[in-house]
>>> print(open('final.txt').read())   # compact mmCIF, C-alpha atoms
# COMPACT_ATOMS: atom_id res chain seq x y z
CA MET A 877 96.64 60.12 105.79
CA GLN A 878 93.15 61.08 104.65
CA GLN A 879 92.74 64.69 103.53
CA ALA A 880 89.63 66.50 104.77
CA PRO A 881 87.14 67.58 102.10
CA HIS A 882 87.34 71.18 100.93
CA ILE A 883 84.32 73.25 101.92
CA ILE A 884 82.95 76.17 99.88
CA LEU A 885 80.51 78.65 101.44
CA GLY A 886 78.02 80.26 99.09
CA ILE A 887 76.05 83.36 100.07
CA ASP A 888 72.93 84.92 98.54
CA PRO A 889 73.02 88.29 100.32
CA GLY A 890 69.88 90.08 101.37
CA THR A 891 68.60 92.44 104.04
CA THR A 892 65.35 90.56 104.69
CA VAL A 893 66.57 87.01 103.98
CA MET A 894 70.17 85.89 103.50
CA GLY A 895 70.66 82.47 101.95
CA TYR A 896 73.69 80.33 102.70
CA GLY A 897 74.88 76.99 101.38
CA LEU A 898 77.96 74.89 101.97
CA ILE A 899 79.27 72.16 99.70
CA ALA A 900 82.13 69.71 100.24
CA ILE A 901 84.55 68.61 97.53
CA ASP A 902 86.25 65.30 98.30
CA LYS A 903 88.35 64.17 95.33
CA ASN A 904 85.76 63.76 92.57
CA LYS A 905 82.66 63.91 94.79
CA VAL A 906 80.69 67.07 95.46
CA SER A 907 78.11 66.94 98.24
CA LEU A 908 75.82 69.25 100.17
CA VAL A 909 76.95 70.03 103.72
CA GLU A 910 74.28 72.49 104.84
CA MET A 911 71.94 75.10 103.48
CA GLY A 912 69.53 77.51 105.07
CA VAL A 913 68.46 81.09 105.49
CA LEU A 914 68.96 83.84 108.01
CA GLN A 915 65.61 85.57 108.55
CA LEU A 916 66.13 89.28 109.06
CA SER A 917 62.69 90.76 108.36
CA LYS A 918 61.62 90.70 112.04
CA HIS A 919 64.49 93.06 112.92
CA ASP A 920 63.65 96.71 112.25
CA GLY A 921 67.02 98.41 112.29
CA HIS A 922 69.25 98.09 109.23
CA ALA A 923 72.38 98.20 111.40
CA GLU A 924 71.02 95.33 113.52
CA ARG A 925 70.41 93.26 110.39
CA LEU A 926 73.97 93.89 109.21
CA GLU A 927 75.33 92.80 112.59
CA LEU A 928 73.29 89.57 112.38
CA ILE A 929 74.68 88.89 108.89
CA TYR A 930 78.21 89.38 110.21
CA ARG A 931 77.62 87.07 113.18
CA LYS A 932 76.03 84.37 111.00
CA MET A 933 79.00 84.52 108.63
CA GLU A 934 81.39 84.18 111.57
CA ALA A 935 79.47 81.19 112.93
CA LEU A 936 79.35 79.42 109.54
CA ILE A 937 83.05 79.98 108.90
CA HIS A 938 84.04 78.97 112.44
CA THR A 939 81.91 75.79 112.32
CA HIS A 940 82.62 74.55 108.79
CA LYS A 941 86.05 76.09 108.05
CA PRO A 942 85.52 76.73 104.33
CA ILE A 943 88.52 77.26 102.05
CA SER A 944 86.64 79.89 100.03
CA VAL A 945 83.53 82.05 99.98
CA ALA A 946 81.40 82.84 96.93
CA ILE A 947 78.79 85.59 96.91
CA GLU A 948 76.07 86.37 94.42
CA ALA A 949 76.62 89.86 93.01
CA PRO A 950 73.69 92.25 93.41
CA PHE A 951 71.20 92.38 90.58
CA TYR A 952 70.96 95.99 89.48
CA GLY A 953 67.41 97.24 89.79
CA LYS A 954 65.72 100.61 89.66
CA ASN A 955 65.29 101.08 93.43
CA VAL A 956 68.44 102.86 94.57
CA GLN A 957 67.70 102.45 98.30
CA SER A 958 67.29 98.68 97.92
CA MET A 959 70.56 98.49 96.01
CA LEU A 960 72.39 100.44 98.71
CA LYS A 961 71.06 98.14 101.45
CA LEU A 962 71.90 95.03 99.45
CA GLY A 963 75.41 96.36 98.79
CA ARG A 964 75.91 96.90 102.51
CA ALA A 965 74.76 93.34 103.26
CA GLN A 966 77.17 92.01 100.69
CA GLY A 967 79.99 94.17 102.08
CA VAL A 968 79.41 92.87 105.61
CA ALA A 969 79.52 89.27 104.36
CA ILE A 970 82.78 89.99 102.51
CA ALA A 971 84.26 91.68 105.60
CA ALA A 972 83.43 88.63 107.74
CA ALA A 973 85.15 86.36 105.21
CA MET A 974 88.21 88.63 105.17
CA LYS A 975 88.42 88.47 108.97
CA PHE A 976 89.18 84.75 108.58
CA GLY A 977 91.64 85.31 105.74
CA LEU A 978 89.19 84.17 103.07
CA ARG A 979 88.74 85.90 99.76
CA ALA A 980 85.12 86.29 98.68
CA GLU A 981 84.52 85.87 94.94
CA GLU A 982 81.49 87.50 93.32
CA TYR A 983 79.38 85.91 90.60
CA ALA A 984 76.60 87.52 88.58
CA PRO A 985 73.21 85.76 88.73
CA ARG A 986 73.35 84.97 84.99
CA LYS A 987 76.83 83.43 85.34
CA ILE A 988 75.61 81.23 88.21
CA LYS A 989 72.60 79.97 86.25
CA GLN A 990 74.71 79.28 83.18
CA SER A 991 77.29 77.44 85.24
CA ILE A 992 74.69 75.19 86.88
CA THR A 993 72.19 74.59 84.06
CA GLY A 994 74.00 75.56 80.88
CA ARG A 995 71.55 78.46 80.36
CA GLY A 996 71.91 81.97 81.75
CA ASN A 997 68.16 82.56 81.67
CA ALA A 998 67.15 79.43 83.58
CA THR A 999 64.48 79.74 86.27
CA LYS A 1000 65.19 79.26 89.97
CA GLU A 1001 63.20 76.03 89.83
CA GLN A 1002 65.36 74.68 87.00
CA VAL A 1003 68.51 75.55 88.96
CA TRP A 1004 67.05 73.77 92.00
CA GLU A 1005 66.26 70.66 89.94
CA ILE A 1006 69.83 70.43 88.63
CA LEU A 1007 71.22 70.98 92.14
CA GLN A 1008 69.14 68.06 93.44
CA HIS A 1009 70.54 65.79 90.70
CA THR A 1010 74.13 67.01 91.00
CA LEU A 1011 74.35 66.92 94.79
CA GLN A 1012 72.10 63.86 95.20
CA PHE A 1013 69.63 65.05 97.79
CA LYS A 1014 65.86 64.88 97.96
CA GLU A 1015 65.02 67.62 100.45
CA ASP A 1016 62.36 70.09 99.45
CA ILE A 1017 63.28 73.74 99.55
CA ARG A 1018 61.28 76.28 101.45
CA PHE A 1019 63.38 79.31 100.55
CA MET A 1020 64.94 79.77 97.12
CA ASP A 1021 67.54 82.01 98.80
CA ALA A 1022 69.10 78.84 100.28
CA SER A 1023 69.22 77.04 96.93
CA ASP A 1024 70.61 80.19 95.29
CA ALA A 1025 73.44 80.16 97.82
CA VAL A 1026 74.21 76.49 97.10
CA ALA A 1027 74.26 77.35 93.39
CA VAL A 1028 76.77 80.16 94.06
CA ALA A 1029 79.05 77.72 95.90
CA LEU A 1030 78.81 75.12 93.12
CA CYS A 1031 79.43 77.79 90.47
CA HIS A 1032 82.58 78.80 92.34
CA HIS A 1033 83.73 75.19 92.37
CA TYR A 1034 83.12 74.86 88.63
CA GLN A 1035 84.96 78.11 87.90
CA ASN A 1036 87.95 77.29 90.11
CA ARG A 1037 88.71 73.61 89.83
CA LEU A 1038 90.57 72.47 92.90
CA PRO A 1039 94.08 71.17 92.15
CA GLU A 1040 93.52 67.69 93.59
CA LEU A 1041 90.81 66.92 91.05
CA SER A 1042 92.18 64.80 88.26
CA ALA A 1043 91.43 65.61 84.64
CA LYS A 1044 89.22 62.52 84.50
CA SER A 1045 87.13 63.44 87.53
CA ALA A 1046 86.89 67.07 86.40
CA ALA A 1047 85.50 65.89 83.06
CA THR A 1048 82.69 64.03 84.83
CA ILE A 1049 81.41 67.25 86.38
CA ALA A 1050 82.35 69.66 83.59
CA ILE A 1051 79.84 72.33 82.70
CA PRO A 1052 78.27 71.94 79.28
CA LYS A 1053 78.08 74.83 76.87
CA ALA A 1054 74.74 76.58 76.74
CA LYS A 1055 72.30 74.70 74.51
CA LYS A 1056 68.82 75.45 73.34
CA GLY A 1057 66.13 72.89 73.96
CA ASN A 1058 64.31 71.14 76.74
CA TRP A 1059 65.46 69.27 79.83
CA GLU A 1060 65.31 65.88 78.09
CA SER A 1061 67.79 67.01 75.44
CA PHE A 1062 70.04 68.56 78.11
CA ILE A 1063 70.09 65.32 80.11
CA ALA A 1064 70.60 63.21 76.99
CA ALA A 1065 73.57 65.36 75.99
CA ASN A 1066 75.01 65.37 79.53
CA PRO A 1067 74.50 61.93 81.11
CA GLY A 1068 77.42 62.49 83.51
CA ARG A 1069 75.53 65.36 85.18
CA VAL A 1070 72.59 63.11 86.21
CA LYS A 1071 73.07 61.24 89.47
CA LYS A 1072 70.97 58.15 90.10
>>> encode(input="final.txt", output="structure tokens")
Amino acid sequence: MQQAPHIILGIDPGTTVMGYGLIAIDKNKVSLVEMGVLQLSKHDGHAERLELIYRKMEALIHTHKPISVAIEAPFYGKNVQSMLKLGRAQGVAIAAAMKFGLRAEEYAPRKIKQSITGRGNATKEQVWEILQHTLQFKEDIRFMDASDAVAVALCHHYQNRLPELSAKSAATIAIPKAKKGNWESFIAANPGRVKK
């Protein structure tokens, strides 16, 4: 009997744009299921935006049936009002996950970047480039919020190896330690991370 792939839902919360990304883990293969954004800027009321976030989370969970949810933790800035709104958006996403019995894990932006690229100060473009290689897709990205959400999901996978992965398959997708240097040296030191 074939076991269905495990799905992880990643969320990049926001009150103007919420990014989401779903990845599938099937034995030693990780693949992209779906990614996109929920545009909220055309809705004026903050409460209406929060309701839309909740409904989108419900729809994604109902459709894809993820086994876990990973959310990017808010980046602490100087604008208190923005932080409050972002915290509410994150809370609504967590509440929607809890409704389905899913625990939502939080990851700091620096942790996500380090997990994906090996460097905590990598740019969004560098994260996107590694995601394209790791998940073997060519699509261009219109919103970095979507790729950020995919990165959150992949980070969660790397941090919580699923039990059915063998030690050998886990080693092929292991995260390298942070290294200084350029992309060529990173790829040379990590040939298993490059998909052809």
>>> closest_residue(input="final.txt", among="A:Glu934, A:Glu910, A:Asp1021, A:Glu924", to="Asp888 (chain A)", atoms="all atoms listed in the file")
A:Asp1021
>>> residues_around(input="final.txt", residues="Tyr983 (chain A)", least_positions_apart="3", cutoff="9 Å", atoms="all atoms listed in the file", output="MDAnalysis selection string")
chainID A and resid 946:950 986:988 1028 1031:1032
>>> closest_residue(input="final.txt", among="A:Val906, A:Ala880, A:Ala1029, A:Val956", to="Glu982 (chain A)", atoms="all atoms listed in the file")
A:Ala1029
>>> closest_residue(input="final.txt", among="A:Leu926, A:Leu885, A:Val968, A:Val913", to="Thr939 (chain A)", atoms="all atoms listed in the file")
A:Leu885
>>> residues_near_point(input="final.txt", point="(76.1, 92.0, 98.8)", cutoff="6 Å", atoms="only C-alpha atoms", output="PyMOL selection string")
chain A and resi 889+950+962-963+965-967
>>> atom_distance(input="final.txt", atom1="CA of Glu1005 (chain A)", atom2="CA of Lys989 (chain A)")
11.9 Å
>>> residues_near_point(input="final.txt", point="(71.9, 94.5, 111.0)", cutoff="10 Å", atoms="only C-alpha atoms", output="list in words")
Thr891, Thr892, Leu916, His919, Asp920, Gly921, His922, Ala923, Glu924, Arg925, Leu926, Glu927, Leu928, Ile929, Tyr930, Arg931, Arg964, Ala965 and Val968 of chain A
>>> write_last_selection(input="final.txt", atoms="C-alpha atoms", output="PDB file, keeping the file's coordinate frame")
ATOM      1  CA  THR A 891      68.600  92.440 104.040  1.00  0.00           C
ATOM      2  CA  THR A 892      65.350  90.560 104.690  1.00  0.00           C
ATOM      3  CA  LEU A 916      66.130  89.280 109.060  1.00  0.00           C
ATOM      4  CA  HIS A 919      64.490  93.060 112.920  1.00  0.00           C
ATOM      5  CA  ASP A 920      63.650  96.710 112.250  1.00  0.00           C
ATOM      6  CA  GLY A 921      67.020  98.410 112.290  1.00  0.00           C
ATOM      7  CA  HIS A 922      69.250  98.090 109.230  1.00  0.00           C
ATOM      8  CA  ALA A 923      72.380  98.200 111.400  1.00  0.00           C
ATOM      9  CA  GLU A 924      71.020  95.330 113.520  1.00  0.00           C
ATOM     10  CA  ARG A 925      70.410  93.260 110.390  1.00  0.00           C
ATOM     11  CA  LEU A 926      73.970  93.890 109.210  1.00  0.00           C
ATOM     12  CA  GLU A 927      75.330  92.800 112.590  1.00  0.00           C
ATOM     13  CA  LEU A 928      73.290  89.570 112.380  1.00  0.00           C
ATOM     14  CA  ILE A 929      74.680  88.890 108.890  1.00  0.00           C
ATOM     15  CA  TYR A 930      78.210  89.380 110.210  1.00  0.00           C
ATOM     16  CA  ARG A 931      77.620  87.070 113.180  1.00  0.00           C
ATOM     17  CA  ARG A 964      75.910  96.900 102.510  1.00  0.00           C
ATOM     18  CA  ALA A 965      74.760  93.340 103.260  1.00  0.00           C
ATOM     19  CA  VAL A 968      79.410  92.870 105.610  1.00  0.00           C
TER      20      VAL A 968
END
>>> closest_residue(input="final.txt", among="A:Asn1036, A:Lys941, A:Ala969, A:Val1026", to="Thr1010 (chain A)", atoms="only C-alpha atoms")
A:Val1026
>>> residues_around(input="final.txt", residues="Ile899 (chain A)", least_positions_apart="6", cutoff="6 Å", atoms="only C-alpha atoms", output="PyMOL selection string")
chain A and resi 883-884+907-909
>>> closest_residue(input="final.txt", among="A:Ser944, A:Ser1023, A:Gln1035, A:Gln915", to="Ala900 (chain A)", atoms="all atoms listed in the file")
A:Ser944
>>> atom_distance(input="final.txt", atom1="CA of Arg995 (chain A)", atom2="CA of Gly912 (chain A)")
24.8 Å
>>> atom_distance(input="final.txt", atom1="CA of Ser991 (chain A)", atom2="CA of Ser958 (chain A)")
26.7 Å
